[in-house]
file upload03.pdb (PDB, C-alpha atoms)
ATOM      1  CA  MET A  22     -56.790 131.428 -40.076
ATOM      2  CA  SER A  23     -58.306 129.326 -37.325
ATOM      3  CA  SER A  24     -58.820 130.193 -33.679
ATOM      4  CA  LYS A  25     -59.464 126.583 -32.741
ATOM      5  CA  HIS A  26     -57.248 124.564 -30.432
ATOM      6  CA  VAL A  27     -56.011 121.016 -30.980
ATOM      7  CA  PHE A  28     -54.512 118.495 -28.568
ATOM      8  CA  ILE A  29     -52.010 116.171 -30.301
ATOM      9  CA  SER A  30     -50.495 113.205 -28.510
ATOM     10  CA  GLY A  31     -47.230 111.952 -29.982
ATOM     11  CA  ALA A  32     -46.437 115.511 -31.094
ATOM     12  CA  ALA A  33     -42.674 114.878 -31.269
ATOM     13  CA  GLY A  34     -43.216 111.784 -33.403
ATOM     14  CA  PHE A  35     -42.965 111.673 -37.183
ATOM     15  CA  ILE A  36     -46.626 112.257 -38.058
ATOM     16  CA  GLY A  37     -47.353 114.322 -34.929
ATOM     17  CA  PHE A  38     -44.540 116.740 -35.740
ATOM     18  CA  HIS A  39     -45.671 117.307 -39.325
ATOM     19  CA  LEU A  40     -49.324 117.646 -38.314
ATOM     20  CA  SER A  41     -48.421 120.138 -35.593
ATOM     21  CA  GLN A  42     -46.398 122.189 -38.094
ATOM     22  CA  LYS A  43     -49.240 122.201 -40.610
ATOM     23  CA  LEU A  44     -51.921 123.187 -38.096
ATOM     24  CA  LEU A  45     -49.758 125.903 -36.535
ATOM     25  CA  ALA A  46     -49.217 127.354 -40.008
ATOM     26  CA  GLN A  47     -53.013 127.396 -40.452
ATOM     27  CA  GLY A  48     -53.420 129.391 -37.230
ATOM     28  CA  TYR A  49     -54.515 126.623 -34.892
ATOM     29  CA  GLY A  50     -53.355 126.583 -31.316
ATOM     30  CA  VAL A  51     -51.610 123.264 -30.659
ATOM     31  CA  THR A  52     -50.949 121.563 -27.341
ATOM     32  CA  GLY A  53     -48.593 118.627 -27.778
ATOM     33  CA  LEU A  54     -47.798 115.669 -25.563
ATOM     34  CA  ASP A  55     -44.956 113.177 -25.991
ATOM     35  CA  ASN A  56     -42.967 110.968 -23.632
ATOM     36  CA  LEU A  57     -39.831 111.161 -25.853
ATOM     37  CA  ASN A  58     -39.146 107.458 -25.350
ATOM     38  CA  ASN A  59     -35.985 105.864 -26.742
ATOM     39  CA  TYR A  60     -37.596 103.440 -29.213
ATOM     40  CA  TYR A  61     -35.479 105.349 -31.727
ATOM     41  CA  ASP A  62     -32.989 108.235 -31.577
ATOM     42  CA  VAL A  63     -34.367 110.755 -29.078
ATOM     43  CA  SER A  64     -32.271 113.551 -30.593
ATOM     44  CA  LEU A  65     -34.417 113.377 -33.742
ATOM     45  CA  LYS A  66     -37.549 113.847 -31.619
ATOM     46  CA  LYS A  67     -35.940 116.742 -29.770
ATOM     47  CA  ASP A  68     -34.957 118.411 -33.041
ATOM     48  CA  ARG A  69     -38.525 118.147 -34.300
ATOM     49  CA  LEU A  70     -39.714 119.590 -31.005
ATOM     50  CA  SER A  71     -37.281 122.509 -31.128
ATOM     51  CA  LEU A  72     -38.785 123.552 -34.470
ATOM     52  CA  LEU A  73     -42.319 123.409 -33.077
ATOM     53  CA  LYS A  74     -41.391 125.419 -29.986
ATOM     54  CA  LYS A  75     -40.436 128.371 -32.184
ATOM     55  CA  ASN A  76     -44.151 128.983 -32.654
ATOM     56  CA  LYS A  77     -45.812 130.793 -29.739
ATOM     57  CA  SER A  78     -49.075 128.953 -30.404
ATOM     58  CA  PHE A  79     -47.447 125.624 -29.493
ATOM     59  CA  THR A  80     -47.478 124.314 -25.922
ATOM     60  CA  PHE A  81     -45.683 121.107 -24.985
ATOM     61  CA  PHE A  82     -45.902 118.610 -22.140
ATOM     62  CA  GLN A  83     -43.399 115.781 -21.760
ATOM     63  CA  ASP A  84     -45.212 112.929 -20.096
ATOM     64  CA  ASP A  85     -46.823 109.564 -20.705
ATOM     65  CA  LEU A  86     -50.418 108.813 -21.661
ATOM     66  CA  HIS A  87     -50.455 106.469 -18.657
ATOM     67  CA  ASN A  88     -50.402 109.507 -16.399
ATOM     68  CA  TRP A  89     -54.122 110.102 -15.999
ATOM     69  CA  ALA A  90     -53.719 112.925 -13.468
ATOM     70  CA  MET A  91     -51.504 114.862 -15.901
ATOM     71  CA  ILE A  92     -53.862 114.410 -18.868
ATOM     72  CA  GLU A  93     -56.896 115.337 -16.804
ATOM     73  CA  ASN A  94     -55.099 118.430 -15.534
ATOM     74  CA  ILE A  95     -54.283 119.570 -19.104
ATOM     75  CA  PHE A  96     -57.885 119.149 -20.247
ATOM     76  CA  ALA A  97     -59.289 120.769 -17.099
ATOM     77  CA  LYS A  98     -57.256 123.923 -17.748
ATOM     78  CA  LYS A  99     -57.828 124.245 -21.490
ATOM     79  CA  SER A 100     -60.721 123.496 -23.800
ATOM     80  CA  PHE A 101     -59.846 121.600 -26.997
ATOM     81  CA  ASP A 102     -61.936 121.642 -30.154
ATOM     82  CA  TYR A 103     -60.154 118.611 -31.577
ATOM     83  CA  VAL A 104     -58.087 115.769 -30.151
ATOM     84  CA  VAL A 105     -55.712 113.822 -32.413
ATOM     85  CA  ASN A 106     -54.205 110.726 -30.812
ATOM     86  CA  LEU A 107     -50.979 109.761 -32.589
ATOM     87  CA  ALA A 108     -49.060 108.517 -29.538
ATOM     88  CA  ALA A 109     -48.438 104.786 -29.771
ATOM     89  CA  GLN A 110     -45.737 102.194 -29.576
ATOM     90  CA  ALA A 111     -45.016 101.741 -33.264
ATOM     91  CA  GLY A 112     -43.525  98.894 -35.261
ATOM     92  CA  VAL A 113     -44.781  95.462 -36.294
ATOM     93  CA  ARG A 114     -41.483  93.654 -35.687
ATOM     94  CA  TYR A 115     -40.814  95.243 -32.294
ATOM     95  CA  SER A 116     -44.227  94.036 -31.083
ATOM     96  CA  ILE A 117     -42.917  90.485 -31.294
ATOM     97  CA  GLU A 118     -39.921  91.343 -29.105
ATOM     98  CA  ASN A 119     -41.647  93.588 -26.571
ATOM     99  CA  PRO A 120     -45.415  92.950 -26.493
ATOM    100  CA  GLN A 121     -45.990  94.603 -23.115
ATOM    101  CA  ALA A 122     -45.046  98.019 -24.510
ATOM    102  CA  TYR A 123     -47.994  97.781 -26.915
ATOM    103  CA  ILE A 124     -50.514  97.024 -24.198
ATOM    104  CA  ASP A 125     -49.205  99.862 -22.013
ATOM    105  CA  SER A 126     -49.138 102.532 -24.717
ATOM    106  CA  ASN A 127     -51.639 101.492 -27.356
ATOM    107  CA  ILE A 128     -54.354 100.094 -25.080
ATOM    108  CA  GLN A 129     -54.035 101.739 -21.657
ATOM    109  CA  GLY A 130     -52.861 105.037 -23.118
ATOM    110  CA  PHE A 131     -55.735 105.140 -25.591
ATOM    111  CA  LEU A 132     -58.234 104.349 -22.828
ATOM    112  CA  ASN A 133     -57.059 107.483 -20.998
ATOM    113  CA  ILE A 134     -57.607 109.528 -24.174
ATOM    114  CA  LEU A 135     -61.130 108.143 -24.532
ATOM    115  CA  GLU A 136     -61.902 108.836 -20.890
ATOM    116  CA  VAL A 137     -60.666 112.414 -20.964
ATOM    117  CA  CYS A 138     -62.655 113.023 -24.158
ATOM    118  CA  ARG A 139     -65.770 111.500 -22.599
ATOM    119  CA  LYS A 140     -65.408 113.891 -19.696
ATOM    120  CA  HIS A 141     -64.425 117.083 -21.533
ATOM    121  CA  LYS A 142     -66.306 116.576 -24.816
ATOM    122  CA  PRO A 143     -64.174 117.890 -27.698
ATOM    123  CA  LEU A 144     -65.946 118.267 -31.040
ATOM    124  CA  HIS A 145     -64.068 115.329 -32.548
ATOM    125  CA  LEU A 146     -61.525 112.661 -31.585
ATOM    126  CA  ILE A 147     -59.302 111.444 -34.414
ATOM    127  CA  TYR A 148     -56.917 108.581 -33.748
ATOM    128  CA  ALA A 149     -54.262 106.655 -35.641
ATOM    129  CA  SER A 150     -55.048 103.143 -36.692
ATOM    130  CA  SER A 151     -52.958 101.245 -39.251
ATOM    131  CA  SER A 152     -53.126  99.336 -42.522
ATOM    132  CA  SER A 153     -51.671  96.424 -40.536
ATOM    133  CA  VAL A 154     -55.191  95.698 -39.205
ATOM    134  CA  TYR A 155     -55.966  94.046 -42.561
ATOM    135  CA  GLY A 156     -53.684  91.185 -41.516
ATOM    136  CA  ALA A 157     -54.423  87.950 -43.372
ATOM    137  CA  ASN A 158     -56.952  89.641 -45.665
ATOM    138  CA  GLU A 159     -55.851  89.061 -49.269
ATOM    139  CA  THR A 160     -58.570  91.039 -51.078
ATOM    140  CA  MET A 161     -56.989  94.034 -52.831
ATOM    141  CA  PRO A 162     -57.359  96.925 -52.515
ATOM    142  CA  PHE A 163     -57.954  96.923 -48.763
ATOM    143  CA  SER A 164     -61.304  98.534 -48.006
ATOM    144  CA  VAL A 165     -62.694  99.838 -44.722
ATOM    145  CA  ARG A 166     -65.731  97.721 -45.588
ATOM    146  CA  HIS A 167     -63.645  94.535 -45.279
ATOM    147  CA  ASN A 168     -63.497  92.265 -42.249
ATOM    148  CA  VAL A 169     -60.293  92.782 -40.222
ATOM    149  CA  ASP A 170     -60.513  90.025 -37.619
ATOM    150  CA  HIS A 171     -57.257  88.221 -38.464
ATOM    151  CA  PRO A 172     -54.282  90.378 -37.349
ATOM    152  CA  LEU A 173     -50.766  89.012 -37.857
ATOM    153  CA  SER A 174     -49.048  90.929 -35.040
ATOM    154  CA  LEU A 175     -49.846  92.313 -31.615
ATOM    155  CA  TYR A 176     -49.277  95.795 -33.036
ATOM    156  CA  ALA A 177     -52.068  95.183 -35.543
ATOM    157  CA  ALA A 178     -54.268  93.709 -32.817
ATOM    158  CA  SER A 179     -53.703  96.784 -30.632
ATOM    159  CA  LYS A 180     -54.792  99.076 -33.476
ATOM    160  CA  LYS A 181     -57.897  96.992 -34.169
ATOM    161  CA  SER A 182     -58.578  97.191 -30.419
ATOM    162  CA  ASN A 183     -58.418 100.998 -30.631
ATOM    163  CA  GLU A 184     -61.116 100.938 -33.299
ATOM    164  CA  LEU A 185     -63.329  98.728 -31.129
ATOM    165  CA  MET A 186     -62.737 100.834 -28.021
ATOM    166  CA  ALA A 187     -63.542 104.016 -29.940
ATOM    167  CA  HIS A 188     -66.788 102.501 -31.207
ATOM    168  CA  ALA A 189     -67.835 101.590 -27.673
ATOM    169  CA  TYR A 190     -67.332 105.210 -26.551
ATOM    170  CA  SER A 191     -69.091 106.555 -29.645
ATOM    171  CA  ALA A 192     -72.050 104.272 -28.929
ATOM    172  CA  LEU A 193     -72.198 104.797 -25.159
ATOM    173  CA  TYR A 194     -71.375 108.498 -24.885
ATOM    174  CA  LYS A 195     -72.094 109.871 -28.392
ATOM    175  CA  LEU A 196     -68.400 110.796 -28.665
ATOM    176  CA  PRO A 197     -67.611 111.498 -32.352
ATOM    177  CA  THR A 198     -64.561 109.393 -33.295
ATOM    178  CA  THR A 199     -62.670 108.816 -36.527
ATOM    179  CA  GLY A 200     -60.033 106.118 -36.980
ATOM    180  CA  LEU A 201     -57.404 106.539 -39.700
ATOM    181  CA  ARG A 202     -55.688 103.526 -41.200
ATOM    182  CA  PHE A 203     -52.336 104.873 -42.376
ATOM    183  CA  PHE A 204     -50.463 103.110 -45.183
ATOM    184  CA  SER A 205     -46.616 103.025 -45.045
ATOM    185  CA  VAL A 206     -46.008 106.688 -44.230
ATOM    186  CA  TYR A 207     -42.656 108.181 -45.295
ATOM    187  CA  GLY A 208     -40.966 111.538 -45.734
ATOM    188  CA  PRO A 209     -38.544 114.057 -44.163
ATOM    189  CA  TYR A 210     -37.949 113.635 -40.426
ATOM    190  CA  GLY A 211     -39.186 110.051 -40.803
ATOM    191  CA  ARG A 212     -38.552 107.257 -38.341
ATOM    192  CA  PRO A 213     -35.087 105.615 -38.410
ATOM    193  CA  ASP A 214     -36.665 102.147 -38.126
ATOM    194  CA  MET A 215     -38.546 102.534 -41.404
ATOM    195  CA  ALA A 216     -37.380 101.126 -44.740
ATOM    196  CA  LEU A 217     -36.612 104.415 -46.505
ATOM    197  CA  PHE A 218     -34.405 105.668 -43.663
ATOM    198  CA  ILE A 219     -32.613 102.317 -43.277
ATOM    199  CA  PHE A 220     -32.023 101.905 -47.018
ATOM    200  CA  THR A 221     -30.782 105.467 -47.552
ATOM    201  CA  LYS A 222     -28.371 105.246 -44.621
ATOM    202  CA  SER A 223     -27.024 101.826 -45.624
ATOM    203  CA  ILE A 224     -26.585 102.695 -49.309
ATOM    204  CA  LEU A 225     -24.655 105.860 -48.418
ATOM    205  CA  GLU A 226     -22.445 103.903 -46.010
ATOM    206  CA  GLY A 227     -21.901 101.050 -48.469
ATOM    207  CA  LYS A 228     -23.574  98.569 -46.148
ATOM    208  CA  GLU A 229     -25.789  95.637 -47.065
ATOM    209  CA  ILE A 230     -29.564  96.023 -46.958
ATOM    210  CA  GLN A 231     -32.014  93.215 -46.249
ATOM    211  CA  VAL A 232     -34.658  92.820 -48.936
ATOM    212  CA  PHE A 233     -37.554  90.993 -47.335
ATOM    213  CA  ASN A 234     -39.749  88.393 -49.032
ATOM    214  CA  ASN A 235     -36.963  88.106 -51.616
ATOM    215  CA  GLY A 236     -37.986  91.479 -53.030
ATOM    216  CA  LYS A 237     -41.598  90.463 -53.701
ATOM    217  CA  MET A 238     -43.047  92.889 -51.154
ATOM    218  CA  LYS A 239     -45.498  95.497 -52.450
ATOM    219  CA  ARG A 240     -46.451  98.535 -50.426
ATOM    220  CA  ASP A 241     -48.767 101.509 -50.723
ATOM    221  CA  PHE A 242     -46.238 104.185 -49.727
ATOM    222  CA  THR A 243     -47.923 107.406 -48.574
ATOM    223  CA  TYR A 244     -46.102 110.724 -48.357
ATOM    224  CA  ILE A 245     -46.314 112.565 -45.049
ATOM    225  CA  ASP A 246     -47.836 115.772 -46.502
ATOM    226  CA  ASP A 247     -50.755 113.733 -47.864
ATOM    227  CA  ILE A 248     -51.302 112.200 -44.433
ATOM    228  CA  THR A 249     -51.421 115.573 -42.675
ATOM    229  CA  GLU A 250     -53.672 117.098 -45.338
ATOM    230  CA  GLY A 251     -56.065 114.183 -44.918
ATOM    231  CA  ILE A 252     -56.156 114.680 -41.143
ATOM    232  CA  GLU A 253     -56.690 118.441 -41.446
ATOM    233  CA  LYS A 254     -59.593 117.951 -43.852
ATOM    234  CA  LEU A 255     -61.188 115.314 -41.625
ATOM    235  CA  MET A 256     -60.968 117.309 -38.376
ATOM    236  CA  PRO A 257     -64.048 119.502 -39.064
ATOM    237  CA  ASN A 258     -65.776 116.546 -40.766
ATOM    238  CA  VAL A 259     -67.367 115.431 -37.479
ATOM    239  CA  PRO A 260     -69.039 112.001 -37.735
ATOM    240  CA  THR A 261     -72.786 111.673 -37.326
ATOM    241  CA  PRO A 262     -74.807 108.457 -37.078
ATOM    242  CA  ASP A 263     -75.209 106.644 -40.396
ATOM    243  CA  LYS A 264     -78.976 106.522 -40.930
ATOM    244  CA  ASN A 265     -78.553 103.685 -43.436
ATOM    245  CA  TRP A 266     -76.540 101.496 -41.071
ATOM    246  CA  ASN A 267     -78.077  98.061 -40.641
ATOM    247  CA  GLY A 268     -77.121  95.658 -37.864
ATOM    248  CA  ALA A 269     -78.238  92.698 -39.977
ATOM    249  CA  ASN A 270     -75.715  93.655 -42.659
ATOM    250  CA  PRO A 271     -73.290  95.966 -40.833
ATOM    251  CA  ASN A 272     -70.863  98.276 -42.599
ATOM    252  CA  PRO A 273     -67.656  98.133 -40.493
ATOM    253  CA  ALA A 274     -66.654 101.675 -41.548
ATOM    254  CA  THR A 275     -69.749 103.455 -40.198
ATOM    255  CA  SER A 276     -72.272 102.964 -37.398
ATOM    256  CA  PHE A 277     -75.528 103.940 -35.772
ATOM    257  CA  ALA A 278     -73.107 105.868 -33.525
ATOM    258  CA  PRO A 279     -71.003 108.932 -34.559
ATOM    259  CA  TYR A 280     -68.117 106.732 -35.724
ATOM    260  CA  ARG A 281     -66.050 106.504 -38.933
ATOM    261  CA  LEU A 282     -63.055 104.667 -40.325
ATOM    262  CA  TYR A 283     -60.944 105.779 -43.290
ATOM    263  CA  ASN A 284     -57.941 104.499 -45.208
ATOM    264  CA  ILE A 285     -55.303 107.132 -45.928
ATOM    265  CA  GLY A 286     -53.029 105.661 -48.574
ATOM    266  CA  ASN A 287     -51.597 106.634 -51.934
ATOM    267  CA  HIS A 288     -53.761 103.930 -53.607
ATOM    268  CA  GLN A 289     -50.752 102.890 -55.714
ATOM    269  CA  GLN A 290     -48.612  99.786 -55.184
ATOM    270  CA  VAL A 291     -44.838 100.009 -55.447
ATOM    271  CA  GLU A 292     -42.694  96.886 -55.528
ATOM    272  CA  LEU A 293     -39.906  96.893 -52.962
ATOM    273  CA  LEU A 294     -37.214  96.487 -55.631
ATOM    274  CA  ARG A 295     -38.576  99.536 -57.495
ATOM    275  CA  PHE A 296     -38.628 101.479 -54.212
ATOM    276  CA  ILE A 297     -34.929 100.655 -53.711
ATOM    277  CA  GLU A 298     -34.194 101.529 -57.345
ATOM    278  CA  ILE A 299     -35.662 105.029 -56.892
ATOM    279  CA  ILE A 300     -33.399 105.603 -53.871
ATOM    280  CA  GLU A 301     -30.397 104.356 -55.904
ATOM    281  CA  GLU A 302     -31.257 106.721 -58.753
ATOM    282  CA  LYS A 303     -31.515 109.684 -56.389
ATOM    283  CA  LEU A 304     -28.253 108.842 -54.591
ATOM    284  CA  LYS A 305     -26.511 107.763 -57.809
ATOM    285  CA  LYS A 306     -25.238 104.763 -55.878
ATOM    286  CA  LYS A 307     -26.150 101.074 -55.963
ATOM    287  CA  ALA A 308     -27.454  99.135 -52.978
ATOM    288  CA  ILE A 309     -25.814  95.941 -51.774
ATOM    289  CA  LYS A 310     -28.827  93.658 -51.496
ATOM    290  CA  LYS A 311     -29.306  90.543 -49.386
ATOM    291  CA  PHE A 312     -32.532  88.745 -50.252
ATOM    292  CA  VAL A 313     -34.252  87.215 -47.215
ATOM    293  CA  SER A 314     -37.623  85.646 -46.419
ATOM    294  CA  ILE A 315     -40.602  87.593 -45.134
ATOM    295  CA  GLN A 316     -40.527  88.406 -41.424
ATOM    296  CA  GLU A 317     -43.114  87.194 -38.956
ATOM    297  CA  GLY A 318     -46.009  89.624 -38.638
ATOM    298  CA  ASP A 319     -45.427  91.272 -42.030
ATOM    299  CA  VAL A 320     -47.940  91.196 -44.863
ATOM    300  CA  PRO A 321     -46.618  90.663 -48.413
ATOM    301  CA  GLU A 322     -48.569  93.539 -49.948
ATOM    302  CA  SER A 323     -50.853  96.464 -49.181
ATOM    303  CA  LEU A 324     -53.048  98.752 -51.264
ATOM    304  CA  ALA A 325     -55.584 101.286 -50.013
ATOM    305  CA  ASP A 326     -59.103 101.810 -51.250
ATOM    306  CA  VAL A 327     -59.721 105.508 -50.473
ATOM    307  CA  GLU A 328     -63.254 105.770 -51.862
ATOM    308  CA  GLU A 329     -64.758 106.886 -48.529
ATOM    309  CA  LEU A 330     -62.092 109.548 -48.009
ATOM    310  CA  MET A 331     -62.704 110.937 -51.509
ATOM    311  CA  HIS A 332     -66.470 110.865 -51.042
ATOM    312  CA  ASP A 333     -66.519 112.579 -47.644
ATOM    313  CA  VAL A 334     -63.791 115.241 -47.952
ATOM    314  CA  GLY A 335     -62.910 115.277 -51.650
ATOM    315  CA  PHE A 336     -59.277 114.341 -51.094
ATOM    316  CA  ALA A 337     -56.982 111.411 -51.779
ATOM    317  CA  PRO A 338     -53.178 111.206 -51.397
ATOM    318  CA  ASN A 339     -51.418 111.691 -54.726
ATOM    319  CA  THR A 340     -47.694 112.416 -54.186
ATOM    320  CA  PRO A 341     -45.621 110.254 -56.572
ATOM    321  CA  VAL A 342     -43.147 108.048 -54.714
ATOM    322  CA  GLU A 343     -40.307 109.439 -56.851
ATOM    323  CA  LYS A 344     -41.000 112.962 -55.574
ATOM    324  CA  GLY A 345     -41.478 111.811 -51.977
ATOM    325  CA  ILE A 346     -38.230 109.832 -51.904
ATOM    326  CA  SER A 347     -36.342 112.727 -53.498
ATOM    327  CA  ASN A 348     -37.638 115.060 -50.773
ATOM    328  CA  PHE A 349     -36.625 112.610 -48.057
ATOM    329  CA  VAL A 350     -33.098 112.111 -49.427
ATOM    330  CA  ASP A 351     -32.597 115.880 -49.728
ATOM    331  CA  TRP A 352     -33.662 116.249 -46.094
ATOM    332  CA  TYR A 353     -31.457 113.345 -44.967
ATOM    333  CA  LEU A 354     -28.317 114.740 -46.626
ATOM    334  CA  ASP A 355     -28.965 118.181 -45.176
ATOM    335  CA  TYR A 356     -29.924 116.981 -41.678
ATOM    336  CA  TYR A 357     -26.855 114.765 -41.308
ATOM    337  CA  LYS A 358     -24.565 117.208 -43.168
ATOM    338  CA  ILE A 359     -23.509 114.613 -45.750
ATOM    339  CA  ASN A 360     -21.510 115.576 -48.808
ATOM    340  CA  TYR A 361     -20.602 112.817 -51.224
TER     341      TYR A 361
END
call {"tool": "encode", "arguments": {"input": "upload03.pdb", "output": "structure tokens"}}
result
Amino acid sequence: MSSKHVFISGAAGFIGFHLSQKLLAQGYGVTGLDNLNNYYDVSLKKDRLSLLKKNKSFTFFQDDLHNWAMIENIFAKKSFDYVVNLAAQAGVRYSIENPQAYIDSNIQGFLNILEVCRKHKPLHLIYASSSSVYGANETMPFSVRHNVDHPLSLYAASKKSNELMAHAYSALYKLPTTGLRFFSVYGPYGRPDMALFIFTKSILEGKEIQVFNNGKMKRDFTYIDDITEGIEKLMPNVPTPDKNWNGANPNPATSFAPYRLYNIGNHQQVELLRFIEIIEEKLKKKAIKKFVSIQEGDVPESLADVEELMHDVGFAPNTPVEKGISNFVDWYLDYYKINY
């Protein structure tokens, strides 16, 4: 059991909730922050939070990352070994409708995290990036060694910006930072704006589902437990300068500074139509499909190269999508008290 303390922003969010649960079970003290915004059903966030609050080692603050005075006050009163920044305005499609929200949360909010870490010096800052940073890159599988200078949405651009901002602080202040590019995370207590949640709900209600890119989408779906295990293993894996780093032929995933980037993905592609088929098989009910074109900002396929993750911490996600979807559907039916 650990006696270390972790600060997690976005603690009432999907990944933040599961990570908090996992770390609390391992004996960590966890201080969580979340603004409980209404991007999706706040009651789901509150239900996650109520489960976390049952543990006496969990402390929660409801506020916004914009509030520098509040963040500084938290860090001034308590020393954190690790900081995990998961708070962000999520969603590729929503970034087209409401771009300002992404600048406020993902850029300004992250700057406050960097500043408070610069001042209070935790052992390690880990932050959420996204597979969306690969943008127009068509080389599969996506590798952290690839160039990611062609984002297709402001959401992706904000996550790439986080990686650049983190590098600047690692270089200037020797702050150890690790960016995690998550690939299509799913599982129980997942976000209602994500495909699995939308499809399950619509199939149960006999409503039509939109199948983007006429069903030719391919995704590297990653189960939530694999994401949290990856984060837990990386926390004590504090970055050090890469002695082999060369500015004439730079490796984007490492640096002369204490800085690292990792993909966390299942390193398996699943076609969207197969993904829907697995849900149908679990529910024993067919989906009503409407085939539509790809949406602006979306990429047609994703696939993670997790070589660096395997090399550095000996772990790679491995939950089969059939098992992950089954777990989600079981949770969904129980959570919403559905008998059919």
call {"tool": "closest_residue", "arguments": {"input": "upload03.pdb", "among": "A:Leu86, A:Leu107, A:Ile134, A:Ala97", "to": "Phe38 in chain A", "atoms": "only C-alpha atoms"}}
result
A:Leu107
call {"tool": "atom_distance", "arguments": {"input": "upload03.pdb", "atom1": "CA of Ser174 in chain A", "atom2": "CA of Glu317 in chain A"}}
result
8.0 Å
call {"tool": "resolve_selection", "arguments": {"input": "upload03.pdb", "expression": "the PyMOL selection byres ((chain A and resi 168) around 10)", "output": "list in words"}}
result
Val154, Tyr155, Gly156, Asn158, Phe163, Ser164, Val165, Arg166, His167, Val169, Asp170, His171, Asn272, Pro273 and Ala274 of chain A
call {"tool": "resolve_selection", "arguments": {"input": "upload03.pdb", "expression": "the PyMOL selection byres ((chain A and resi 281) around 12)", "output": "MDAnalysis selection string"}}
result
chainID A and resid 145:148 150 165:166 184:185 187:188 191:192 196:202 255:256 258:263 266 272:280 282:284 329:330 333
call {"tool": "atom_distance", "arguments": {"input": "upload03.pdb", "atom1": "CA of Lys66 in chain A", "atom2": "CA of Ala33 in chain A"}}
result
5.2 Å
call {"tool": "residues_around", "arguments": {"input": "upload03.pdb", "residues": "Leu65 in chain A", "least_positions_apart": "6", "cutoff": "10 Å", "atoms": "all atoms listed in the file", "output": "JSON, numbers by chain"}}
result
{"A": [33, 34, 35, 57, 71, 210, 211, 212, 213, 356]}
call {"tool": "residues_around", "arguments": {"input": "upload03.pdb", "residues": "Ser323 in chain A", "least_positions_apart": "3", "cutoff": "7 Å", "atoms": "all atoms listed in the file", "output": "JSON, numbers by chain"}}
result
{"A": [239, 240, 241]}
call {"tool": "write_last_selection", "arguments": {"input": "upload03.pdb", "atoms": "C-alpha atoms", "output": "JSON list (two decimals), in the coordinates of the input"}}
result
[["chain", "number", "residue", "atom", "x", "y", "z"],
["A", 239, "LYS", "CA", -45.50, 95.50, -52.45],
["A", 240, "ARG", "CA", -46.45, 98.54, -50.43],
["A", 241, "ASP", "CA", -48.77, 101.51, -50.72]]
call {"tool": "closest_residue", "arguments": {"input": "upload03.pdb", "among": "A:Arg114, A:Lys140, A:Lys43, A:Lys180", "to": "Phe79 in chain A", "atoms": "only C-alpha atoms"}}
result
A:Lys43
call {"tool": "atom_distance", "arguments": {"input": "upload03.pdb", "atom1": "CA of His288 in chain A", "atom2": "CA of Lys307 in chain A"}}
result
27.9 Å
call {"tool": "resolve_selection", "arguments": {"input": "upload03.pdb", "expression": "the PyMOL selection byres ((chain A and resi 337) around 8)", "output": "PyMOL selection string"}}
result
chain A and resi 247+251+285-287+327+330-331+335-336+338-339
call {"tool": "axis_aligned_box", "arguments": {"input": "upload03.pdb", "around": "range 95-110 of chain A", "padding_each_side": "5 Å", "output": "AutoDock Vina command-line options"}}
result
--center_x -53.8 --center_y 113.2 --center_z -24.8 --size_x 26.2 --size_y 32.1 --size_z 25.5
call {"tool": "closest_residue", "arguments": {"input": "upload03.pdb", "among": "A:Asn235, A:Ala109, A:Val320, A:Ser223", "to": "Asn58 in chain A", "atoms": "all atoms listed in the file"}}
result
A:Ala109
